[in-house]
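What follows is a single structure, written as structure tokens, with notes after it.
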Amino acid sequence: MNCEVCQLKELDVEHFEIREVLGCILHTILFHRALGLVRPKDVDLQLFEITYVQCADAELDKKVDEKIGQFIDRVEKHPNKKNQICLSFYEVKSKQATWFTNKVERLHWEQWYINLNVAQQPRAHSGKSQHSKIVVHPGEAALEERDVRRAALEASLREVLFQIIKFVNEKRDHVPPIPNVEGVSFPYEITISSSSESAFGMDMFKRMLQTGHPTMLS
């Protein structure tokens, strides 16, 4: 089976921006891979002047939120490593059972790789005197720099959303027939990886040799 892979543009984010950015991207992809008629839900981002559409489905929303929480935990545990999240769509196929394999297998037909370059959280700066502790606040230049960075991230996030729309409009031949399954979307899984660039690349290469297409390590 041919597996189409979309490597989305890498985004530079700060820790507090992760949840909104990932939620926006994941829900946008899942909405465009929805099955049949779904109730759309407009979502206005709090940090950016962006509105996106997601499936109004509590179960899907819960699963995405849980995965984002796991991603944030991974970032906090491995702050100096590359962090990537992969959304994979798959078909479930029955296969002849043997003593060491299952009767069903997942065949990925589409994978989306989301790469976030998360800035390390700055430590609180303070000046100590004999009688007091003085907290040093960022100056105007630092605040202006943050505004410029935020505007650049918003523009990059818009590019990613257009990249998603362009991909789903152009890549259609690989999409399988609508399965007879419960849920608003094609069967999918969200996996997370965090490692050094060299080790991550080697893991990916090994997995490609084993499976014939890129998949993420759980």
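All residue names refer to the structure tokens as shown: chains lettered A, B, ... in order, residues numbered from 1 in each chain, ligands numbered from 1 in order.
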List every residue of segment 8-102 of chain A that DSSP, applied to the backbone of this structure, places in helix (DSSP H, G or I), and write the result as a ChimeraX atom specification. /A:15-32,58-77
Write the residues of the selection above to a file with N, CA, C and O atoms, as a short mmCIF file (atom, residue, chain, number, x, y, z; two decimals), in the first residue's frame.
data_model
loop_
_atom_site.label_atom_id
_atom_site.label_comp_id
_atom_site.auth_asym_id
_atom_site.auth_seq_id
_atom_site.Cartn_x
_atom_site.Cartn_y
_atom_site.Cartn_z
N HIS A 15 7.00 27.52 25.07
CA HIS A 15 6.32 26.44 25.78
C HIS A 15 4.81 26.69 25.90
O HIS A 15 4.00 25.78 25.66
N PHE A 16 4.42 27.91 26.23
CA PHE A 16 3.00 28.20 26.48
C PHE A 16 2.18 28.24 25.19
O PHE A 16 0.94 28.29 25.24
N GLU A 17 2.84 28.18 24.03
CA GLU A 17 2.14 28.21 22.75
C GLU A 17 1.87 26.81 22.19
O GLU A 17 1.12 26.66 21.21
N ILE A 18 2.48 25.80 22.79
CA ILE A 18 2.41 24.44 22.23
C ILE A 18 0.97 23.96 22.09
O ILE A 18 0.57 23.45 21.03
N ARG A 19 0.18 24.10 23.15
CA ARG A 19 -1.17 23.51 23.15
C ARG A 19 -2.04 24.09 22.03
O ARG A 19 -2.72 23.36 21.31
N GLU A 20 -2.01 25.40 21.87
CA GLU A 20 -2.84 26.02 20.82
C GLU A 20 -2.35 25.66 19.43
O GLU A 20 -3.14 25.36 18.53
N VAL A 21 -1.04 25.70 19.23
CA VAL A 21 -0.48 25.43 17.91
C VAL A 21 -0.75 23.98 17.49
O VAL A 21 -1.24 23.72 16.38
N LEU A 22 -0.46 23.03 18.37
CA LEU A 22 -0.70 21.62 18.05
C LEU A 22 -2.18 21.33 17.86
O LEU A 22 -2.57 20.59 16.95
N GLY A 23 -3.02 21.89 18.73
CA GLY A 23 -4.46 21.67 18.61
C GLY A 23 -4.98 22.16 17.28
O GLY A 23 -5.79 21.48 16.62
N CYS A 24 -4.53 23.32 16.87
CA CYS A 24 -4.95 23.90 15.59
C CYS A 24 -4.57 23.00 14.43
O CYS A 24 -5.39 22.69 13.55
N ILE A 25 -3.32 22.52 14.42
CA ILE A 25 -2.83 21.70 13.31
C ILE A 25 -3.50 20.33 13.28
O ILE A 25 -4.01 19.88 12.24
N LEU A 26 -3.53 19.64 14.42
CA LEU A 26 -4.11 18.30 14.47
C LEU A 26 -5.59 18.31 14.11
O LEU A 26 -6.06 17.47 13.32
N HIS A 27 -6.34 19.24 14.69
CA HIS A 27 -7.78 19.28 14.42
C HIS A 27 -8.07 19.66 12.97
O HIS A 27 -9.05 19.18 12.38
N THR A 28 -7.23 20.51 12.38
CA THR A 28 -7.43 20.88 10.97
C THR A 28 -7.26 19.66 10.07
O THR A 28 -8.06 19.42 9.16
N ILE A 29 -6.22 18.86 10.33
CA ILE A 29 -6.00 17.64 9.54
C ILE A 29 -7.16 16.67 9.72
O ILE A 29 -7.71 16.13 8.75
N LEU A 30 -7.55 16.44 10.97
CA LEU A 30 -8.63 15.48 11.25
C LEU A 30 -9.96 15.93 10.64
O LEU A 30 -10.75 15.10 10.17
N PHE A 31 -10.21 17.23 10.61
CA PHE A 31 -11.44 17.73 10.00
C PHE A 31 -11.47 17.41 8.51
O PHE A 31 -12.51 17.03 7.95
N HIS A 32 -10.31 17.56 7.85
CA HIS A 32 -10.25 17.30 6.42
C HIS A 32 -10.24 15.81 6.10
O HIS A 32 -10.35 15.42 4.92
N ALA A 58 -16.73 15.12 20.99
CA ALA A 58 -16.10 15.14 22.31
C ALA A 58 -15.01 14.09 22.45
O ALA A 58 -13.96 14.34 23.04
N GLU A 59 -15.23 12.90 21.89
CA GLU A 59 -14.25 11.82 22.01
C GLU A 59 -12.96 12.16 21.26
O GLU A 59 -11.86 11.95 21.77
N LEU A 60 -13.10 12.69 20.04
CA LEU A 60 -11.93 13.08 19.27
C LEU A 60 -11.18 14.21 19.98
O LEU A 60 -9.95 14.19 20.06
N ASP A 61 -11.93 15.17 20.49
CA ASP A 61 -11.32 16.31 21.18
C ASP A 61 -10.53 15.84 22.40
O ASP A 61 -9.42 16.32 22.67
N LYS A 62 -11.09 14.87 23.12
CA LYS A 62 -10.43 14.34 24.31
C LYS A 62 -9.12 13.63 23.95
O LYS A 62 -8.09 13.82 24.62
N LYS A 63 -9.16 12.83 22.89
CA LYS A 63 -7.96 12.08 22.49
C LYS A 63 -6.85 13.02 22.05
O LYS A 63 -5.68 12.84 22.41
N VAL A 64 -7.20 14.03 21.26
CA VAL A 64 -6.21 15.00 20.80
C VAL A 64 -5.61 15.75 21.98
O VAL A 64 -4.39 15.95 22.07
N ASP A 65 -6.46 16.16 22.91
CA ASP A 65 -5.98 16.91 24.08
C ASP A 65 -5.04 16.06 24.93
O ASP A 65 -4.03 16.56 25.45
N GLU A 66 -5.35 14.78 25.07
CA GLU A 66 -4.48 13.88 25.84
C GLU A 66 -3.11 13.75 25.19
O GLU A 66 -2.08 13.76 25.87
N LYS A 67 -3.09 13.63 23.86
CA LYS A 67 -1.83 13.49 23.15
C LYS A 67 -0.99 14.77 23.23
O LYS A 67 0.24 14.71 23.34
N ILE A 68 -1.66 15.90 23.18
CA ILE A 68 -0.94 17.16 23.32
C ILE A 68 -0.33 17.26 24.71
O ILE A 68 0.81 17.71 24.88
N GLY A 69 -1.07 16.81 25.72
CA GLY A 69 -0.55 16.80 27.08
C GLY A 69 0.68 15.91 27.20
O GLY A 69 1.67 16.26 27.86
N GLN A 70 0.66 14.74 26.53
CA GLN A 70 1.81 13.84 26.53
C GLN A 70 3.00 14.49 25.83
O GLN A 70 4.15 14.33 26.25
N PHE A 71 2.73 15.21 24.75
CA PHE A 71 3.80 15.89 24.02
C PHE A 71 4.45 16.95 24.90
O PHE A 71 5.67 17.07 24.95
N ILE A 72 3.63 17.71 25.63
CA ILE A 72 4.16 18.74 26.52
C ILE A 72 5.00 18.11 27.62
O ILE A 72 6.08 18.62 27.98
N ASP A 73 4.54 16.99 28.17
CA ASP A 73 5.33 16.28 29.19
C ASP A 73 6.68 15.85 28.62
O ASP A 73 7.71 15.94 29.29
N ARG A 74 6.69 15.36 27.38
CA ARG A 74 7.93 14.92 26.75
C ARG A 74 8.88 16.09 26.56
O ARG A 74 10.09 15.96 26.76
N VAL A 75 8.34 17.24 26.16
CA VAL A 75 9.17 18.43 25.98
C VAL A 75 9.81 18.85 27.30
O VAL A 75 11.00 19.23 27.35
N GLU A 76 9.04 18.77 28.38
CA GLU A 76 9.57 19.17 29.69
C GLU A 76 10.65 18.21 30.17
O GLU A 76 11.60 18.62 30.84
N LYS A 77 10.52 16.94 29.82
CA LYS A 77 11.51 15.95 30.24
C LYS A 77 12.76 15.97 29.35
O LYS A 77 13.84 15.61 29.79
#
List the spatial neighbours of Val175 of chain A as a ChimeraX atom specification - criterion: any atom at most 9 Å away, only C-alpha atoms, same-chain residues fewer than 4 positions off excluded. /A:109-110,171
May I have the selected residues written with C-alpha atoms, as a PDB file, in the first residue's frame?
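See again_17.pdb below for the written result:
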ATOM      1  CA  TRP A 109      -1.947   5.211   4.022  1.00  0.00           C
ATOM      2  CA  GLU A 110      -1.169   8.748   5.158  1.00  0.00           C
ATOM      3  CA  LYS A 171      -3.422  14.053  -2.838  1.00  0.00           C
TER       4      LYS A 171
END
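The shell of residues at most 9 Å from Pro187 of chain A, with only C-alpha atoms counted and near chain neighbours (fewer than 4 positions) removed, consists of A:Ser88, A:Phe89, A:Tyr90, A:Glu91, A:Val92, A:Pro179, A:Val181, A:Gly183.
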Pick out the closest residue to Leu35 of chain A from this set: A:Cys55, A:Glu159, A:Val148, A:Leu11. Count only C-alpha atoms.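 The closest residue to Leu35 of chain A is A:Cys55.
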